[in-house]
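Participant: If it helps, the file is called start.cif and holds mmCIF, C-alpha atoms:
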```cif
data_coords
#
loop_
_atom_site.label_atom_id
_atom_site.label_comp_id
_atom_site.auth_asym_id
_atom_site.auth_seq_id
_atom_site.Cartn_x
_atom_site.Cartn_y
_atom_site.Cartn_z
CA MET A 141 59.80 57.71 95.60
CA PHE A 142 63.39 58.40 94.60
CA LEU A 143 62.26 61.30 92.41
CA ARG A 144 61.34 63.40 95.44
CA THR A 145 64.82 63.61 96.86
CA THR A 146 67.34 62.95 94.11
CA VAL A 147 68.86 65.07 91.39
CA LEU A 148 67.72 63.84 88.00
CA ALA A 149 69.93 62.10 85.47
CA ALA A 150 69.73 60.93 81.83
CA ALA A 151 71.50 58.88 79.11
CA THR A 152 71.93 59.52 75.33
CA ALA A 153 72.75 58.86 71.59
CA ALA A 154 71.10 60.62 68.63
CA VAL A 155 69.02 60.55 65.45
CA VAL A 156 66.65 63.17 64.01
CA ALA A 157 64.33 63.17 61.05
CA SER A 158 64.00 65.71 58.26
CA GLY A 159 60.93 65.79 56.01
CA GLY A 160 60.04 62.23 57.00
CA THR A 161 63.56 60.94 56.23
CA THR A 162 65.70 59.79 59.12
CA VAL A 163 69.20 61.25 59.26
CA ALA A 164 72.00 60.88 61.79
CA ALA A 165 72.51 63.60 64.36
CA PRO A 166 75.57 64.38 66.47
CA ALA A 167 75.64 62.96 69.98
CA ALA A 168 74.24 65.37 72.55
CA PRO A 169 76.65 66.94 75.02
CA ALA A 170 76.85 65.62 78.55
CA THR A 171 74.71 67.59 80.96
CA ARG A 172 75.50 68.72 84.48
CA ALA A 173 73.95 69.34 87.86
CA ALA A 174 73.35 72.93 88.95
CA PRO A 175 73.77 74.31 92.49
CA ASP A 176 70.04 75.07 92.72
CA GLY A 177 69.03 71.44 92.19
CA TRP A 178 68.32 71.67 88.47
CA GLN A 179 69.98 69.19 86.12
CA GLN A 180 71.13 70.69 82.83
CA ALA A 181 69.52 68.91 79.84
CA GLY A 182 71.28 70.60 76.93
CA ASP A 183 73.12 73.79 76.12
CA GLY A 184 72.04 76.51 73.69
CA ILE A 185 68.81 77.85 72.33
CA THR A 186 67.83 74.66 70.45
CA SER A 187 68.10 72.49 73.59
CA GLY A 188 65.26 73.87 75.71
CA ILE A 189 62.40 71.69 76.99
CA SER A 190 58.98 73.02 75.99
CA GLY A 191 56.99 69.97 77.06
CA LEU A 192 57.50 66.72 79.00
CA ALA A 193 55.58 63.45 79.37
CA LEU A 194 56.41 60.62 81.74
CA ALA A 195 57.01 57.52 79.59
CA GLY A 196 57.55 54.97 82.35
CA ARG A 197 59.65 53.83 85.26
CA THR A 198 62.13 50.99 85.68
CA ALA A 199 64.34 49.98 88.59
CA GLY A 200 66.38 53.02 89.54
CA ALA A 201 65.22 55.16 86.61
CA ALA A 202 62.35 57.27 85.31
CA HIS A 203 61.87 57.76 81.58
CA ALA A 204 60.35 60.83 79.94
CA LEU A 205 59.63 62.12 76.45
CA VAL A 206 60.41 65.80 75.86
CA VAL A 207 59.55 68.13 73.00
CA ARG A 208 61.38 71.24 71.82
CA ASP A 209 60.02 74.37 70.16
CA ASN A 210 62.56 74.36 67.33
CA LYS A 211 61.49 75.66 63.94
CA LYS A 212 64.32 75.18 61.42
CA PRO A 213 64.82 72.01 59.34
CA GLY A 214 67.06 69.43 60.99
CA GLU A 215 66.75 70.84 64.52
CA ASN A 216 65.67 68.29 67.11
CA ARG A 217 61.92 68.20 67.86
CA ILE A 218 61.57 65.31 70.30
CA ALA A 219 63.89 63.41 72.61
CA ASP A 220 64.08 60.77 75.33
CA LEU A 221 65.32 61.42 78.88
CA THR A 222 66.26 58.68 81.33
CA TYR A 223 66.63 59.95 84.89
CA ARG A 224 68.98 58.09 87.21
CA PRO A 225 69.97 59.32 90.65
CA GLY A 226 73.51 60.59 91.06
CA ARG A 227 74.54 60.47 87.39
CA SER A 228 75.07 63.13 84.77
CA ALA A 229 72.25 63.71 82.31
CA VAL A 230 72.52 63.31 78.55
CA VAL A 231 69.73 63.73 75.97
CA GLU A 232 68.80 61.19 73.29
CA PRO A 233 67.08 62.83 70.29
CA LEU A 234 64.53 60.66 68.47
CA ALA A 235 63.77 60.35 64.77
CA TRP A 236 60.66 62.12 63.44
CA SER A 237 58.91 60.22 60.64
CA GLY A 238 55.56 60.00 58.89
CA GLY A 239 55.24 63.69 58.17
CA ALA A 240 57.04 67.01 57.87
CA GLU A 241 58.88 68.28 60.92
CA PRO A 242 56.53 70.27 63.16
CA ILE A 243 56.98 73.97 63.86
CA ASP A 244 57.16 75.05 67.51
CA LEU A 245 56.09 72.02 69.56
CA GLU A 246 55.07 73.26 73.00
CA ALA A 247 53.52 70.33 74.89
CA VAL A 248 53.39 66.54 74.94
CA GLU A 249 51.30 64.05 76.91
CA LYS A 250 51.13 60.27 77.08
CA VAL A 251 47.79 58.75 76.07
CA PRO A 252 46.29 57.06 79.17
CA GLY A 253 46.13 53.29 78.92
CA THR A 254 48.83 53.01 76.24
CA SER A 255 52.53 52.22 76.45
CA ASP A 256 53.76 54.03 73.35
CA GLU A 257 51.22 56.66 72.17
CA TYR A 258 51.42 60.39 72.82
CA VAL A 259 49.75 63.65 71.88
CA ALA A 260 51.96 66.65 71.07
CA LEU A 261 50.74 70.19 70.51
CA ALA A 262 52.25 72.96 68.38
CA SER A 263 51.80 76.60 69.35
CA ARG A 264 49.29 77.40 66.61
CA GLY A 265 46.92 74.64 67.71
CA LEU A 266 47.94 71.62 65.62
CA VAL A 267 47.59 68.29 67.47
CA TYR A 268 49.94 65.41 66.62
CA HIS A 269 48.97 61.82 67.47
CA LEU A 270 52.31 60.04 67.87
CA LYS A 271 53.63 56.52 68.38
CA VAL A 272 57.14 56.05 69.75
CA THR A 273 59.01 52.85 68.88
CA GLY A 274 62.65 52.55 69.86
CA SER A 275 64.44 55.61 68.51
CA GLU A 276 61.64 56.65 66.12
CA THR A 277 58.58 58.88 66.55
CA GLN A 278 55.86 58.06 64.01
CA VAL A 279 53.09 60.55 63.21
CA LEU A 280 49.79 58.64 63.13
CA ASP A 281 47.69 61.70 62.28
CA THR A 282 47.31 65.43 62.81
CA SER A 283 44.26 67.57 63.53
CA PRO A 284 43.52 71.08 64.81
CA LEU A 285 42.34 72.00 68.27
CA PRO A 286 38.72 73.15 68.56
CA ALA A 287 37.87 76.68 69.72
CA ILE A 288 40.99 78.35 68.33
CA ALA A 289 40.69 82.12 68.73
CA GLU A 290 42.61 84.91 67.01
CA GLY A 291 45.94 85.50 68.73
CA ASP A 292 46.00 82.19 70.61
CA ASP A 293 49.50 80.87 71.28
CA TYR A 294 49.32 77.41 72.87
CA GLU A 295 51.88 76.08 75.36
CA SER A 296 49.84 73.70 77.53
CA PHE A 297 48.16 70.32 77.03
CA ALA A 298 47.22 67.52 79.43
CA LEU A 299 45.12 64.35 79.36
CA THR A 300 43.27 62.72 82.24
CA SER A 301 40.93 59.73 82.44
CA ALA A 302 38.22 58.25 84.66
CA HIS A 303 35.48 55.65 84.23
CA GLY A 304 37.07 54.51 80.97
CA ARG A 305 36.80 57.96 79.40
CA MET A 306 39.38 60.64 78.61
CA ALA A 307 39.42 64.40 78.84
CA ALA A 308 41.84 66.94 77.39
CA VAL A 309 42.81 70.21 79.06
CA TRP A 310 44.72 72.83 77.11
CA SER A 311 45.45 76.54 77.19
CA ASP A 312 46.92 79.39 75.27
CA ARG A 313 49.63 81.11 77.28
CA GLY A 314 48.07 84.55 77.75
CA ALA A 315 50.18 87.69 78.07
CA GLY A 316 50.63 90.13 80.94
CA LYS A 317 47.80 91.99 82.66
CA ASP A 318 45.68 92.49 79.54
CA ARG A 319 45.36 88.90 78.28
CA PRO A 320 44.62 86.04 80.69
CA ALA A 321 45.19 82.49 79.57
CA ALA A 322 42.08 80.80 78.16
CA VAL A 323 41.91 77.29 79.65
CA HIS A 324 39.80 74.75 77.76
CA ALA A 325 38.58 71.26 78.67
CA ALA A 326 36.66 68.71 76.60
CA PRO A 327 35.95 64.99 76.24
CA PHE A 328 38.74 63.44 74.16
CA SER A 329 39.16 60.32 72.04
CA PHE A 330 40.58 59.12 68.72
CA ASN A 331 38.44 58.27 65.72
CA THR A 332 39.01 55.31 63.39
CA TYR A 333 41.57 57.37 61.44
CA ASP A 334 43.68 58.06 64.58
CA GLU A 335 42.61 61.73 64.51
CA ALA A 336 42.04 63.54 67.79
CA ASP A 337 38.32 63.93 68.45
CA PHE A 338 37.14 66.59 70.93
CA GLY A 339 33.69 66.82 72.47
CA PRO A 340 31.91 69.94 73.80
CA VAL A 341 34.44 72.53 75.01
CA THR A 342 34.31 74.36 78.35
CA THR A 343 36.47 77.50 78.68
CA ALA A 344 37.58 79.65 81.62
CA ASP A 345 40.07 82.50 82.00
CA TYR A 346 43.13 82.07 84.20
CA ARG A 347 45.54 84.65 85.64
CA ALA A 348 48.65 83.39 87.38
CA PRO A 349 49.32 84.78 90.88
CA TYR A 350 53.07 84.87 90.19
CA PRO A 351 55.29 86.17 88.57
CA SER A 352 54.09 89.67 87.74
CA GLY A 353 54.52 91.93 84.72
CA GLU A 354 54.73 90.61 81.17
CA ILE A 355 54.23 86.94 81.98
CA ARG A 356 52.92 83.83 80.30
CA HIS A 357 50.03 82.89 82.56
CA ALA A 358 50.02 79.24 81.39
CA SER A 359 53.28 77.67 80.27
CA ASP A 360 52.11 74.10 80.97
CA ILE A 361 49.31 72.15 82.65
CA THR A 362 49.22 68.86 84.54
CA VAL A 363 46.39 67.03 86.30
CA THR A 364 46.98 65.33 89.66
CA ASP A 365 45.56 61.94 90.68
CA ASP A 366 42.70 63.70 92.49
CA GLY A 367 41.84 66.01 89.59
CA ARG A 368 43.62 69.21 90.65
CA LEU A 369 44.99 71.43 87.90
CA LEU A 370 48.56 72.57 88.38
CA ILE A 371 49.53 75.34 85.97
CA GLY A 372 53.05 76.65 85.36
CA SER A 373 53.66 80.32 84.61
CA ALA A 374 56.79 82.16 83.51
CA ALA A 375 58.30 85.59 82.96
CA ASP A 376 60.58 85.88 79.94
CA ALA A 377 62.64 89.04 79.44
CA GLY A 378 64.38 87.75 76.29
CA ASP A 379 66.81 85.09 75.13
CA ASP A 380 69.22 85.85 77.96
CA GLY A 381 66.61 86.26 80.70
CA PRO A 382 66.25 86.95 83.49
CA PHE A 383 63.61 84.26 83.95
CA ASP A 384 61.17 83.66 86.78
CA SER A 385 58.56 80.91 87.17
CA ALA A 386 55.99 79.35 89.47
CA VAL A 387 53.55 76.46 89.61
CA ALA A 388 50.08 77.21 91.00
CA ASP A 389 47.17 75.17 92.32
CA ALA A 390 44.76 76.57 89.74
CA GLY A 391 41.51 74.60 89.87
CA THR A 392 40.04 71.18 89.09
CA VAL A 393 38.91 69.03 86.19
CA SER A 394 36.80 65.87 86.34
CA VAL A 395 35.33 63.26 84.01
CA GLY A 396 31.89 61.90 84.92
CA ARG A 397 30.61 58.39 84.31
CA ASP A 398 28.56 59.84 81.46
CA GLY A 399 31.72 61.34 79.91
CA GLU A 400 30.83 64.92 80.86
CA VAL A 401 33.92 67.03 81.59
CA ARG A 402 33.75 69.66 84.33
CA LEU A 403 36.33 72.44 84.55
CA SER A 404 36.67 74.82 87.49
CA ILE A 405 39.31 77.57 87.77
CA ALA A 406 40.06 78.85 91.28
CA LYS A 407 39.04 82.43 92.02
CA SER A 408 42.29 82.95 93.92
CA PRO A 409 44.93 80.52 92.63
CA VAL A 410 47.83 79.84 95.01
CA SER A 411 51.46 79.40 93.97
CA VAL A 412 52.70 76.13 95.44
CA ARG A 413 56.34 76.85 94.57
CA LYS A 414 58.36 79.60 92.89
CA PHE A 415 61.52 79.10 90.83
CA THR A 416 63.86 82.00 90.05
CA GLY A 417 66.35 81.95 87.20
CA HIS A 418 64.44 79.46 85.02
CA LYS A 419 61.55 79.56 82.55
CA ILE A 420 59.40 76.52 83.32
CA GLU A 421 57.56 75.21 80.26
CA ALA A 422 56.95 71.58 81.33
CA VAL A 423 55.09 70.33 84.41
CA GLU A 424 54.22 66.63 84.80
CA CYS A 425 52.89 64.94 87.93
CA VAL A 426 54.16 61.38 88.46
CA PRO A 427 51.09 59.18 89.11
CA GLY A 428 50.82 57.80 92.64
CA THR A 429 53.24 60.36 94.11
CA ARG A 430 53.43 64.02 95.09
CA THR A 431 56.34 64.44 92.66
CA ALA A 432 56.32 66.60 89.55
CA LEU A 433 58.96 66.51 86.84
CA LEU A 434 59.73 70.04 85.69
CA GLY A 435 61.45 71.14 82.49
CA THR A 436 62.67 74.56 81.39
CA ASP A 437 63.33 76.39 78.15
CA ASP A 438 65.96 78.90 79.21
CA GLU A 439 66.65 80.02 75.64
CA ASN A 440 70.40 80.71 75.20
CA ALA A 441 71.09 78.86 78.46
CA GLY A 442 69.47 75.65 77.15
CA GLY A 443 67.12 73.41 79.10
CA ALA A 444 67.06 71.98 82.61
CA VAL A 445 65.06 69.39 84.55
CA ARG A 446 64.35 68.60 88.19
CA ALA A 447 61.84 66.94 90.48
CA SER A 448 59.72 68.79 93.04
CA ALA A 449 57.15 67.50 95.57
CA ILE A 450 54.29 69.80 94.53
CA CYS A 451 51.55 67.47 93.26
#
```
Would you mind writing the file's structure down as structure tokens?
Facilitator:
Amino acid sequence: MFLRTTVLAAATAAVVASGGTTVAAPAAPATRAAPDGWQQAGDGITSGISGLALAGRTAGAAHALVVRDNKKPGENRIADLTYRPGRSAVVEPLAWSGGAEPIDLEAVEKVPGTSDEYVALASRGLVYHLKVTGSETQVLDTSPLPAIAEGDDYESFALTSAHGRMAAVWSDRGAGKDRPAAVHAAPFSFNTYDEADFGPVTTADYRAPYPSGEIRHASDITVTDDGRLLIGSAADAGDDGPFDSAVADAGTVSVGRDGEVRLSIAKSPVSVRKFTGHKIEAVECVPGTRTALLGTDDENAGGAVRASAIC
């Protein structure tokens, strides 16, 4: 696949929504390639990538939906990226409609079996069922996660499917040596009102093998074709860094023919790749390949994207 060996690229224009009303937004600045293989995807603290979902692939391009953890009215929440080899990357913000702008979106995932539906997650545990049409993101419904505990701060969400059934995997980020990430898995579906519906929840603690110190043990989760859990982790020393990240082979998740979801966290997770200088908050395996799309929220330095053969 071209994503394994090429620097990513994207194309842009812009609209955002405020309070359910669509308003024009300034065109995003052109992005650039970095010497370390990352492709810049926006400059400044409002341009980081806190979550990424593969939207589809066309000849010579891969398309992704990204979310941003912005909190103030009028700041972009969701955008489209189109990756093309050998070109500069530009971001295309999308309109947010059908509800108030979310606060602190941290993850997004495409709904298996659909072409235009997604689930986004805010840090306090609010789940958004979304439909993307053209340049607009429509909120179909919102609902809370189950099993929310005091102090939880969510950054990770993934969906997987087998035997015609879906499962959700999500995690709070954890903090340093005293608070591991709590990884949860459950059967997942939508009810007749388009609300997210979770079945019985299984929970396991997770501690990232790298980096060390005051880290976020789980900054994003993805599930490979064979059911392996890859979990990103990141060290964040402040808005100007320094940043350090890794992606680890952290365990497995499976969906049985009866819909039962099994979650297993490795006793000794192994880092499959480390990334210095960036705070990875988005990890997405491309189905049918070993390639992951990675996105960063580097605070004042903006966001960056790249591909890596780690799945």
Participant: Enumerate, in order of chain and increasing residue number, the residues of segment 218-329 of chain A with an atom no farther than 12 Å from segment 357-376 of chain A, each with its shortest atom pair and distance in Å to one decimal, counting all atoms listed in the file, as a Markdown table.
Facilitator:
```
| residue | atom | partner | partner_atom | distance |
| --- | --- | --- | --- | --- |
| A:Glu246 | CA | A:Asp360 | CA | 8.5 |
| A:Ala247 | CA | A:Asp360 | CA | 7.3 |
| A:Val248 | CA | A:Asp360 | CA | 9.8 |
| A:Glu249 | CA | A:Thr362 | CA | 9.3 |
| A:Lys250 | CA | A:Thr362 | CA | 11.5 |
| A:Leu261 | CA | A:Asp360 | CA | 11.3 |
| A:Ser263 | CA | A:Ser359 | CA | 11.1 |
| A:Asp292 | CA | A:Ala358 | CA | 11.9 |
| A:Asp293 | CA | A:Ala358 | CA | 10.3 |
| A:Tyr294 | CA | A:Ser359 | CA | 8.4 |
| A:Glu295 | CA | A:Ser359 | CA | 5.3 |
| A:Ser296 | CA | A:Asp360 | CA | 4.1 |
| A:Phe297 | CA | A:Ile361 | CA | 6.0 |
| A:Ala298 | CA | A:Thr362 | CA | 5.6 |
| A:Leu299 | CA | A:Val363 | CA | 7.5 |
| A:Thr300 | CA | A:Val363 | CA | 6.7 |
| A:Ser301 | CA | A:Gly367 | CA | 9.6 |
| A:Ala302 | CA | A:Gly367 | CA | 9.9 |
| A:Ala307 | CA | A:Val363 | CA | 10.5 |
| A:Ala308 | CA | A:Val363 | CA | 10.0 |
| A:Val309 | CA | A:Ile361 | CA | 7.7 |
| A:Trp310 | CA | A:Ile361 | CA | 7.2 |
| A:Ser311 | CA | A:Ala358 | CA | 6.8 |
| A:Asp312 | CA | A:Ala358 | CA | 6.9 |
| A:Arg313 | CA | A:Ala358 | CA | 4.5 |
| A:Gly314 | CA | A:His357 | CA | 5.5 |
| A:Ala315 | CA | A:His357 | CA | 6.6 |
| A:Gly316 | CA | A:His357 | CA | 7.4 |
| A:Lys317 | CA | A:His357 | CA | 9.4 |
| A:Asp318 | CA | A:His357 | CA | 11.0 |
| A:Arg319 | CA | A:His357 | CA | 8.7 |
| A:Pro320 | CA | A:His357 | CA | 6.5 |
| A:Ala321 | CA | A:His357 | CA | 5.7 |
| A:Ala322 | CA | A:Ala358 | CA | 8.7 |
| A:Val323 | CA | A:Ala358 | CA | 8.5 |
| A:His324 | CA | A:Ile361 | CA | 11.0 |
| A:Ala325 | CA | A:Leu369 | CA | 11.2 |
```
Participant: Store the residues of this selection in a file with C-alpha atoms, as a PDB file, keeping the file's coordinate frame.
Facilitator:
```pdb
ATOM      1  CA  GLU A 246      55.070  73.260  73.000  1.00  0.00           C
ATOM      2  CA  ALA A 247      53.520  70.330  74.890  1.00  0.00           C
ATOM      3  CA  VAL A 248      53.390  66.540  74.940  1.00  0.00           C
ATOM      4  CA  GLU A 249      51.300  64.050  76.910  1.00  0.00           C
ATOM      5  CA  LYS A 250      51.130  60.270  77.080  1.00  0.00           C
ATOM      6  CA  LEU A 261      50.740  70.190  70.510  1.00  0.00           C
ATOM      7  CA  SER A 263      51.800  76.600  69.350  1.00  0.00           C
ATOM      8  CA  ASP A 292      46.000  82.190  70.610  1.00  0.00           C
ATOM      9  CA  ASP A 293      49.500  80.870  71.280  1.00  0.00           C
ATOM     10  CA  TYR A 294      49.320  77.410  72.870  1.00  0.00           C
ATOM     11  CA  GLU A 295      51.880  76.080  75.360  1.00  0.00           C
ATOM     12  CA  SER A 296      49.840  73.700  77.530  1.00  0.00           C
ATOM     13  CA  PHE A 297      48.160  70.320  77.030  1.00  0.00           C
ATOM     14  CA  ALA A 298      47.220  67.520  79.430  1.00  0.00           C
ATOM     15  CA  LEU A 299      45.120  64.350  79.360  1.00  0.00           C
ATOM     16  CA  THR A 300      43.270  62.720  82.240  1.00  0.00           C
ATOM     17  CA  SER A 301      40.930  59.730  82.440  1.00  0.00           C
ATOM     18  CA  ALA A 302      38.220  58.250  84.660  1.00  0.00           C
ATOM     19  CA  ALA A 307      39.420  64.400  78.840  1.00  0.00           C
ATOM     20  CA  ALA A 308      41.840  66.940  77.390  1.00  0.00           C
ATOM     21  CA  VAL A 309      42.810  70.210  79.060  1.00  0.00           C
ATOM     22  CA  TRP A 310      44.720  72.830  77.110  1.00  0.00           C
ATOM     23  CA  SER A 311      45.450  76.540  77.190  1.00  0.00           C
ATOM     24  CA  ASP A 312      46.920  79.390  75.270  1.00  0.00           C
ATOM     25  CA  ARG A 313      49.630  81.110  77.280  1.00  0.00           C
ATOM     26  CA  GLY A 314      48.070  84.550  77.750  1.00  0.00           C
ATOM     27  CA  ALA A 315      50.180  87.690  78.070  1.00  0.00           C
ATOM     28  CA  GLY A 316      50.630  90.130  80.940  1.00  0.00           C
ATOM     29  CA  LYS A 317      47.800  91.990  82.660  1.00  0.00           C
ATOM     30  CA  ASP A 318      45.680  92.490  79.540  1.00  0.00           C
ATOM     31  CA  ARG A 319      45.360  88.900  78.280  1.00  0.00           C
ATOM     32  CA  PRO A 320      44.620  86.040  80.690  1.00  0.00           C
ATOM     33  CA  ALA A 321      45.190  82.490  79.570  1.00  0.00           C
ATOM     34  CA  ALA A 322      42.080  80.800  78.160  1.00  0.00           C
ATOM     35  CA  VAL A 323      41.910  77.290  79.650  1.00  0.00           C
ATOM     36  CA  HIS A 324      39.800  74.750  77.760  1.00  0.00           C
ATOM     37  CA  ALA A 325      38.580  71.260  78.670  1.00  0.00           C
TER      38      ALA A 325
END
```
Participant: Please determine, counting all atoms listed in the file, which residue among A:Ala260, A:Ala406, A:Leu221, A:Val445 has the shortest atom-to-atom distance to Gly196 of chain A.
Facilitator: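 Smallest separation from Gly196 of chain A among the options: A:Leu221.
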Participant: Counting all atoms listed in the file, I want the residues whose atoms come within 7 Å of (51.2, 81.7, 94.3) in the file frame, returned as JSON, numbers by chain.
Facilitator: {"A": [349, 350, 388, 409, 410, 411, 412]}
Participant: Which residues would end up in the selection if the PyMOL selection byres ((chain A and resi 418-429) around 6) were applied here, given that I need the answer as a list in words?
Facilitator: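 So the PyMOL selection byres ((chain A and resi 418-429) around 6), applied here, picks out Ser190, Gly191, Leu192, Ser359, Asp360, Thr362, Ala374, Phe383, Asp384, Ser385, Thr416, Gly417, Arg430, Thr431, Ala432, Leu433, Leu434, Gly435, Thr436, Asp437 and Asp438 of chain A.
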Participant: Between atom CA of Pro242 of chain A and atom CA of Thr277 of chain A, what is the distance in Å, rounded to a tenth?
Facilitator: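 Spanning atom CA of Pro242 of chain A to atom CA of Thr277 of chain A is a straight-line distance of 12.1 Å.
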Participant: Give as a PyMOL selection string the residues that the PyMOL selection byres ((chain A and resi 333) around 12) matches when applied to the coordinates above.
Facilitator: chain A and resi 269+280-283+329-332+334-337
Participant: Atom CA of Val272 of chain A and atom CA of Arg217 of chain A, how far apart in Å?
Facilitator: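 Going from atom CA of Arg217 of chain A over to atom CA of Val272 of chain A, I get 13.2 Å.
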Participant: What is the distance, in Å and to one decimal place, between atom CA of Leu205 of chain A and atom CA of Ile218 of chain A?
Facilitator: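 That distance, rounded to one decimal, is 7.2 Å.
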